[in-house]
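Have a look at my_file31.cif; it's mmCIF, C-alpha atoms and all ligand atoms:
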data_data
#
loop_
_atom_site.label_atom_id
_atom_site.label_comp_id
_atom_site.auth_asym_id
_atom_site.auth_seq_id
_atom_site.Cartn_x
_atom_site.Cartn_y
_atom_site.Cartn_z
CA MET K 253 0.00 0.00 0.00
CA GLN K 254 1.35 3.39 -0.99
CA HIS K 255 1.25 5.73 2.03
CA PRO K 256 0.79 9.43 1.43
CA ASN K 257 3.84 11.58 2.01
CA LYS K 258 4.13 12.82 5.64
CA ASP K 259 3.72 16.41 4.39
CA ARG K 260 0.36 15.45 2.83
CA LEU K 261 -0.74 13.90 6.14
CA ILE K 262 0.27 17.03 8.04
CA GLU K 263 -1.53 19.24 5.51
CA PHE K 264 -4.58 17.07 5.96
CA TYR K 265 -4.30 17.33 9.74
CA TYR K 266 -4.19 21.13 9.62
CA SER K 267 -6.94 21.25 6.95
CA GLU K 268 -4.52 22.81 4.51
CA ALA K 269 -4.89 20.15 1.81
CA ASN K 270 -7.00 20.89 -1.27
CA ASP K 271 -10.25 18.99 -1.70
CA LEU K 272 -8.88 16.32 -3.98
CA GLU K 273 -5.88 15.68 -1.76
CA ALA K 274 -8.01 15.67 1.39
CA LYS K 275 -10.36 13.11 -0.15
CA ARG K 276 -7.44 10.92 -1.16
CA VAL K 277 -5.87 11.02 2.32
CA PHE K 278 -9.23 10.47 4.00
CA LYS K 279 -9.87 7.41 1.86
CA HIS K 280 -6.39 6.09 2.64
CA LEU K 281 -6.87 6.59 6.38
CA GLN K 282 -9.95 4.39 6.37
CA SER K 283 -7.82 1.41 5.47
CA CYS K 284 -4.38 2.27 6.90
CA ASN K 285 -3.73 1.99 10.59
CA ASP K 286 -0.11 3.19 10.29
CA CYS K 287 -1.08 6.57 8.91
CA LEU K 288 -3.95 6.86 11.36
CA GLU K 289 -1.54 6.09 14.17
CA TYR K 290 0.81 8.76 12.85
CA LEU K 291 -1.92 11.38 12.90
CA ASN K 292 -3.01 10.28 16.39
CA THR K 293 0.55 10.74 17.64
CA LEU K 294 0.73 14.14 15.96
CA ASP K 295 -2.57 15.07 17.60
CA HIS K 296 -1.30 13.89 20.97
CA ILE K 297 1.91 15.93 20.72
CA THR K 298 0.04 19.01 19.51
CA GLY K 299 -2.31 18.64 22.47
CA GLN K 300 0.62 18.48 24.86
CA LEU K 301 2.23 21.54 23.31
CA ASP K 302 -0.95 23.51 23.85
CA HIS K 303 -0.47 23.12 27.60
CA PHE K 304 2.75 25.07 27.50
CA VAL K 305 2.39 28.75 28.15
CA ASN K 306 4.49 31.11 26.09
CA GLN K 307 7.19 32.49 28.27
CA THR K 308 9.75 35.15 27.74
CA PRO K 309 13.16 34.04 28.95
CA SER K 310 14.53 36.10 31.80
CA GLU K 311 17.39 38.51 31.20
CA ASP K 312 20.00 36.27 32.79
CA THR K 313 19.08 33.05 30.94
CA PHE K 314 22.24 33.16 28.89
CA ASP K 315 24.42 33.68 31.96
CA LEU K 316 22.65 30.85 33.77
CA ILE K 317 23.35 28.47 30.92
CA MET K 318 26.94 29.61 30.56
CA LYS K 319 27.47 29.15 34.29
CA ASP K 320 26.92 25.42 33.91
CA ILE K 321 29.27 25.07 30.98
CA GLU K 322 32.80 24.32 31.83
CA VAL K 323 35.11 26.59 29.91
CA VAL K 324 38.08 24.64 28.66
CA PRO K 325 40.85 26.86 27.37
CA LEU K 326 41.56 26.11 23.75
CA LYS K 327 44.83 24.46 23.19
CA ASN K 328 46.82 26.77 21.03
CA THR K 329 47.81 24.25 18.45
CA TYR K 330 48.55 26.92 15.88
CA LYS K 331 51.13 28.67 17.98
CA LYS K 332 54.27 28.80 15.96
CA GLU K 333 57.53 28.13 17.58
CA LEU K 334 60.03 30.88 16.98
CA PHE K 335 62.57 28.52 15.63
CA SER K 336 62.11 24.92 14.67
CA VAL K 337 64.75 22.63 13.25
CA LEU K 338 62.18 20.17 11.98
CA PRO K 339 61.62 21.87 8.57
CA PHE K 340 65.36 21.97 7.98
CA ILE K 341 65.73 18.30 8.80
CA ARG K 342 62.91 17.57 6.39
CA ILE K 343 64.55 19.60 3.64
CA VAL K 344 67.90 17.84 4.21
CA ILE K 345 66.21 14.42 4.15
CA PHE K 346 64.37 15.39 0.98
CA ILE K 347 67.56 16.58 -0.73
CA LEU K 348 69.36 13.38 0.29
CA PHE K 349 66.45 11.38 -1.07
CA VAL K 350 66.55 13.23 -4.41
CA LEU K 351 70.33 12.79 -4.65
CA ALA K 352 70.01 9.06 -3.90
CA ALA K 353 67.31 8.76 -6.55
CA LEU K 354 69.50 10.68 -9.01
CA HIS K 355 72.43 8.38 -8.29
CA PHE K 356 70.30 5.28 -8.63
CA CYS K 357 68.73 6.44 -11.91
CA GLN K 358 71.99 7.53 -13.52
CA GLY K 359 73.58 4.19 -12.58
CA TRP K 360 70.66 2.49 -14.23
CA LEU K 361 70.87 4.81 -17.28
CA THR K 362 74.58 4.24 -17.94
CA ILE K 363 74.18 0.47 -18.21
CA LEU K 364 71.45 0.84 -20.84
CA PRO K 365 72.54 0.26 -24.46
CA LEU K 366 70.75 3.52 -25.24
CA TRP K 367 73.35 5.39 -23.19
CA GLU K 368 76.12 4.37 -25.61
CA VAL K 369 74.16 6.02 -28.42
CA ILE K 370 73.08 9.24 -26.73
CA ARG K 371 76.40 9.93 -24.99
CA GLU K 372 77.84 10.92 -28.36
CA TYR K 373 75.63 14.02 -28.43
CA ARG K 374 77.26 17.27 -27.41
CA ILE K 375 74.37 18.22 -25.06
CA ILE K 376 74.65 14.88 -23.23
CA GLN K 377 78.42 15.34 -22.90
CA VAL K 378 77.83 18.74 -21.33
CA LEU K 379 75.13 17.48 -18.98
CA GLY K 380 76.73 14.16 -18.10
CA SER K 381 74.64 11.26 -16.86
CA TYR K 382 73.74 13.06 -13.61
CA GLY K 383 72.76 16.19 -15.48
CA LEU K 384 70.54 14.29 -17.88
CA VAL K 385 68.75 12.46 -15.07
CA ALA K 386 68.34 15.77 -13.21
CA VAL K 387 66.78 17.38 -16.30
CA VAL K 388 64.41 14.42 -16.69
CA PHE K 389 63.50 14.67 -12.99
CA PHE K 390 62.86 18.38 -13.37
CA ILE K 391 60.61 17.94 -16.42
CA PHE K 392 58.74 15.09 -14.78
CA GLY K 393 58.38 17.06 -11.52
CA SER K 394 57.02 20.11 -13.37
CA PHE K 395 54.56 17.90 -15.19
CA VAL K 396 53.29 16.30 -12.00
CA THR K 397 53.05 19.68 -10.24
CA LEU K 398 51.13 21.23 -13.12
CA SER K 399 48.83 18.22 -13.23
CA ILE K 400 47.86 18.29 -9.57
CA THR K 401 47.70 22.08 -9.10
CA PRO K 402 44.13 22.42 -10.45
CA VAL K 403 43.01 19.64 -8.13
CA LEU K 404 44.59 21.33 -5.13
CA LEU K 405 43.06 24.69 -6.08
CA MET K 406 39.64 23.13 -6.53
CA ASP K 407 39.94 21.41 -3.19
CA SER K 408 40.80 24.62 -1.40
CA GLU K 409 37.80 26.32 -3.07
CA ARG K 410 35.55 23.57 -1.84
CA LEU K 411 37.03 23.88 1.62
CA LYS K 412 36.46 27.65 1.61
CA ASN K 413 32.84 27.12 0.55
CA MET K 414 32.33 24.63 3.33
CA ILE K 415 33.76 27.03 5.90
CA ARG K 416 31.57 29.83 4.51
CA GLN K 417 28.47 27.66 4.81
CA VAL K 418 29.26 26.71 8.39
CA CYS K 419 29.83 30.40 9.27
CA ASN K 420 26.55 31.42 7.63
CA TYR K 421 24.76 28.68 9.50
CA GLY K 422 26.20 30.01 12.75
CA GLU K 423 25.01 33.54 11.95
CA THR K 424 21.45 32.68 10.93
CA LYS K 425 20.95 30.27 13.80
ZN ZN K 501 -0.80 4.67 5.14
#
Rewritten as structure tokens:
Amino acid sequence: MQHPNKDRLIEFYYSEANDLEAKRVFKHLQSCNDCLEYLNTLDHITGQLDHFVNQTPSEDTFDLIMKDIEVVPLKNTYKKELFSVLPFIRIVIFILFVLAALHFCQGWLTILPLWEVIREYRIIQVLGSYGLVAVVFFIFGSFVTLSITPVLLMDSERLKNMIRQVCNYGETK
């Protein structure tokens, strides 16, 4: 059995449905206990709410609530240390890693038969095997960076939008 949408039931309850819709819901209710039960519950809750008297909160409501909330000082995780060696260690490790990769790749390059052919070229003689591998690394690195930059930019846009939405939500609340 196809139940009417909850909005239709609520419209029916508050007599806001049009005639056709009201007839349809009424007919459905005659044979559906679930929907009838739903409306009974709604009626019960509405009845309860009617017992509440509208009250204006007292002036110090906010203070009373805040009094019960424990204020935990925010940990200042963003505090920057004046001087940190960690970035330098990272840079050194990264440079060592790149040099090791260069060494590994040029060793691999010089045993290729291709190397015997290309080493005759003037440009290769100037660059040497290390230079050639470094140039290849540089081109490859630029390519990868250019490829992922749009993704990173898009991601930061999405992040900014999310933050904006959360802020707006806080303001309108
Ligand atoms: Zn139903």
(request) Pick out the residues no farther than 12 Å from ligand ZN 501 (chain K), counting all atoms listed in the file, and list them as a list of chain:residue names. (result)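 Here is the list of contacting residues: K:Met253, K:Gln254, K:His255, K:Pro256, K:Asn257, K:Lys258, K:Arg260, K:Leu261, K:Arg276, K:Val277, K:Phe278, K:Lys279, K:His280, K:Leu281, K:Gln282, K:Ser283, K:Cys284, K:Asn285, K:Asp286, K:Cys287, K:Leu288, K:Glu289, K:Tyr290, K:Leu291.
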(request) Report the distance between atom CA of K:Ile363 and atom CA of K:Gly393 in Å, rounded to one decimal place. (result)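 It comes out at 23.9 Å.
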(request) Around the point (69.3, 16.9, -13.7), in the coordinates given by the file, pick out the residues reaching within 12 Å, counting all atoms listed in the file, and return them as a PyMOL selection string. (result) chain K and resi 350-351+353-355+357-358+376+378-393
